[in-house]
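**Student:** Dropping the structure in here first, questions after.
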Amino acid sequence: MTPIALVLVALLLASLSHTAQGLQSSRLDLRRAFLAKSAIVAVASSTAAFNPQISLAAPTPPSLNFETSKSGIQWADAKIGTGQTSKMGGTTSVDYVLSTTGARYGSGIYKTADKGAPYRWTLGDGSTIRGLEEAIVGSEGMPPMQAGGIRRVIIPPALAYEKLASYGEECGKKGTFGPVPPPQEAFEEFQRFKNIYCNSNRPYQPDVVLDIKLYGKRIVD
């Protein structure tokens with residue numbers, strides 16, 4: 001190979017390396033943009049679903065200021081509740097919007113408001129992912145929610161659906177961790193959830209994004 005050819009090959013390899021680094025950087029920037037900016041739209045949308053009187057037409061919706069709990073949950077309150085907090089062992093009820101940070105065809109998966117049935121369970125009974133329970137009762141670095149509040153949480157796999165990947169066809173049936181879109185009432189949403197979080201062939205699980213409205217007793221002055 002002539003000296004000129006060697007120089008051209010070296011330039012080509014350098015260009016390809018620079019392009020690969022640029023693509024990797026772009027992917028990281030897109031992920032950060034999802035976590036930082038999509039929160040505005042998704043929380044606004046979930047808030048409207050919980051309260052149709054809230055308008056989404058505001059030209060500059062307020063951004064959310066995320067903090068991170070010691071367990072690794074990123075959280076931000078879209079609305080501070082005025083009611084009571086929930087305790088482990090007590091029954092609680094929430095409406096939620098379930099999204100993901102790792103879907104190819106959009107992030108939204110399921111919202112209870114579409115079916116008119118809040119998610120209800122006993123805190124600490126083992127039926128529900130730890131990340132959702134922590135979001136409600138609080139943990140180090142994250143205060144408990146009060147009834148009437150709306151909170152967005154970004155939950156890492158270890159506190160969400162990591163174990164479901166090994167359940168296969170049993171995923172979503174009684175005895176597996178919720179909340180899961182109900183297979184009978186929301187078949188398409190359940191299949192979408194299953195393809196993302198119950199798929200043992202997937203090399204990794206994306207974070208779970210939940211917008212939560214907590215129900216409960218209002219505190220009377």
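Residue numbers start at 1 in each chain; chains themselves are named A, B, ... in the order of the structure tokens; ligands are numbered from 1 in the order shown.
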Could I get the residues of segment 151-198 of chain A with an atom no further than 12 Å from an atom of segment 140-145 of chain A, each paired with its nearest atom pair and that distance in Å to one decimal, using only C-alpha atoms, sorted by chain and residue number, as a tab-separated table?

**Tutor:**
residue	atom	partner	partner_atom	distance
A:Arg151	CA	A:Met145	CA	7.8
A:Arg152	CA	A:Met145	CA	11.0
A:Val153	CA	A:Met142	CA	10.4

**Student:** Residues near Glu67 of chain A, anyone? I mean within 7 Å using only C-alpha atoms, not counting same-chain ones fewer than 4 positions away, as a ChimeraX atom specification.

**Tutor:** /A:74-76

**Student:** Give me, as a ChimeraX atom specification, all polymer residues having an atom no more than 12 Å from Glu188 of chain A, counting only C-alpha atoms and skipping those fewer than 6 positions away in the same chain.

**Tutor:** /A:109-110,181-182,194-195

**Student:** Taking 4 positions as the minimum chain separation for residues in the same chain, which residues sit within 12 Å of Glu170 of chain A when counting only C-alpha atoms? Answer as an NGL selection string.

**Tutor:** :A and (163-166 or 174-177 or 183 or 194 or 198-199)

**Student:** Go through A:Thr122, A:Thr91, A:Ser99, A:Ser69 and flag the residue nearest Val208 of chain A, using only C-alpha atoms for the distances.

**Tutor:**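 Using only C-alpha atoms, Val208 of chain A sits closest to A:Ser99.
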
**Student:** If we count only C-alpha atoms, what is near Leu98 of chain A at a cut-off of 10 Å, once residues fewer than 3 positions away on the same chain are taken out, given as a PyMOL selection string?

**Tutor:** chain A and resi 42+46+95+107-112+179-181+193+208-212

**Student:** With C-alpha atoms retained, write the just-selected residues as a compact mmCIF listing (two decimals), in the first residue's frame.

**Tutor:**
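Result file part_21.txt:
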# COMPACT_ATOMS: atom_id res chain seq x y z
CA ALA A 42 -46.22 13.55 30.86
CA SER A 46 -51.47 12.73 33.83
CA ASP A 95 -54.41 6.41 39.92
CA SER A 107 -42.96 5.86 26.15
CA GLY A 108 -46.58 5.52 27.33
CA ILE A 109 -47.89 2.10 28.34
CA TYR A 110 -51.03 2.36 30.49
CA LYS A 111 -53.05 4.70 32.68
CA THR A 112 -55.76 3.69 35.13
CA PRO A 179 -49.07 -2.73 39.06
CA VAL A 180 -49.51 -4.44 35.70
CA PRO A 181 -52.04 -3.46 33.01
CA PHE A 193 -45.84 -4.03 29.06
CA VAL A 208 -40.07 2.70 34.99
CA VAL A 209 -41.76 6.09 35.02
CA LEU A 210 -44.87 6.46 37.17
CA ASP A 211 -47.08 9.49 37.62
CA ILE A 212 -49.04 8.82 40.80

**Student:** Please identify all polymer residues within 8 Å of Gly178 of chain A, counting only C-alpha atoms, omitting same-chain residues fewer than 6 positions from it, and present them as an MDAnalysis selection string.

**Tutor:** chainID A and resid 127:129 172

**Student:** Rank A:Phe187, A:Gly149, A:Ser139, A:Tyr96 by their smallest atom-to-atom distance to Ala113 of chain A, using only C-alpha atoms, and report the top residue only.

**Tutor:**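 The shortest atom-to-atom distance to Ala113 of chain A comes from A:Tyr96.
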
**Student:** Looking at only C-alpha atoms, which of A:Gln184, A:Gln191, A:Ser200, A:Thr92 is the one that sits closest to Ile136 of chain A?

**Tutor:** A:Thr92

**Student:** Please compute the atom CA of Lys87 of chain A-atom CA of Pro118 of chain A distance, one decimal, in Å.

**Tutor:**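 According to the coordinates, atom CA of Lys87 of chain A and atom CA of Pro118 of chain A are separated by 18.4 Å.
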
**Student:** Provide the atom CA of Gly138 of chain A to atom CA of Arg192 of chain A distance in Å, to one decimal place.

**Tutor:**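 We find that atom CA of Gly138 of chain A and atom CA of Arg192 of chain A lie 29.2 Å from each other.
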
**Student:** Choose the residue, out of A:Lys213, A:Lys70, A:Lys79, A:Arg202, that has the smallest atom-to-atom separation from Ser93 of chain A; count only C-alpha atoms.

**Tutor:**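 Looking only at the distances to Ser93 of chain A, the closest residue turns out to be A:Lys213.
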
**Student:** Can you pull out the residues contacting Gly102 of chain A? Cut-off 8 Å, using only C-alpha atoms, and skip same-chain residues under 2 positions away; I want them as a PDB file with N, CA and C atoms, in the first residue's frame.

**Tutor:**
ATOM      1  N   THR A 100     -42.265   4.234  30.219  1.00  0.00           N
ATOM      2  CA  THR A 100     -40.950   3.608  30.252  1.00  0.00           C
ATOM      3  C   THR A 100     -39.930   4.522  29.599  1.00  0.00           C
ATOM      4  N   ARG A 104     -39.288   1.733  21.930  1.00  0.00           N
ATOM      5  CA  ARG A 104     -38.953   2.192  20.583  1.00  0.00           C
ATOM      6  C   ARG A 104     -40.073   3.030  19.986  1.00  0.00           C
ATOM      7  N   SER A 107     -43.258   6.241  24.768  1.00  0.00           N
ATOM      8  CA  SER A 107     -42.963   5.864  26.146  1.00  0.00           C
ATOM      9  C   SER A 107     -44.184   5.403  26.932  1.00  0.00           C
ATOM     10  N   GLN A 205     -33.372  -4.018  31.357  1.00  0.00           N
ATOM     11  CA  GLN A 205     -34.692  -3.441  31.583  1.00  0.00           C
ATOM     12  C   GLN A 205     -34.574  -1.928  31.711  1.00  0.00           C
ATOM     13  N   PRO A 206     -35.424  -1.189  31.032  1.00  0.00           N
ATOM     14  CA  PRO A 206     -35.402   0.264  31.187  1.00  0.00           C
ATOM     15  C   PRO A 206     -36.037   0.685  32.506  1.00  0.00           C
ATOM     16  N   ASP A 207     -35.755   1.911  32.919  1.00  0.00           N
ATOM     17  CA  ASP A 207     -36.390   2.447  34.117  1.00  0.00           C
ATOM     18  C   ASP A 207     -37.899   2.561  33.908  1.00  0.00           C
TER      19      ASP A 207
END

**Student:** Rank nothing, just name the residue among A:Leu132, A:Ala186, A:Val137, A:Ala147 nearest to Tyr161 of chain A, using only C-alpha atoms.

**Tutor:**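 So, comparing all the options, the nearest one is A:Leu132.
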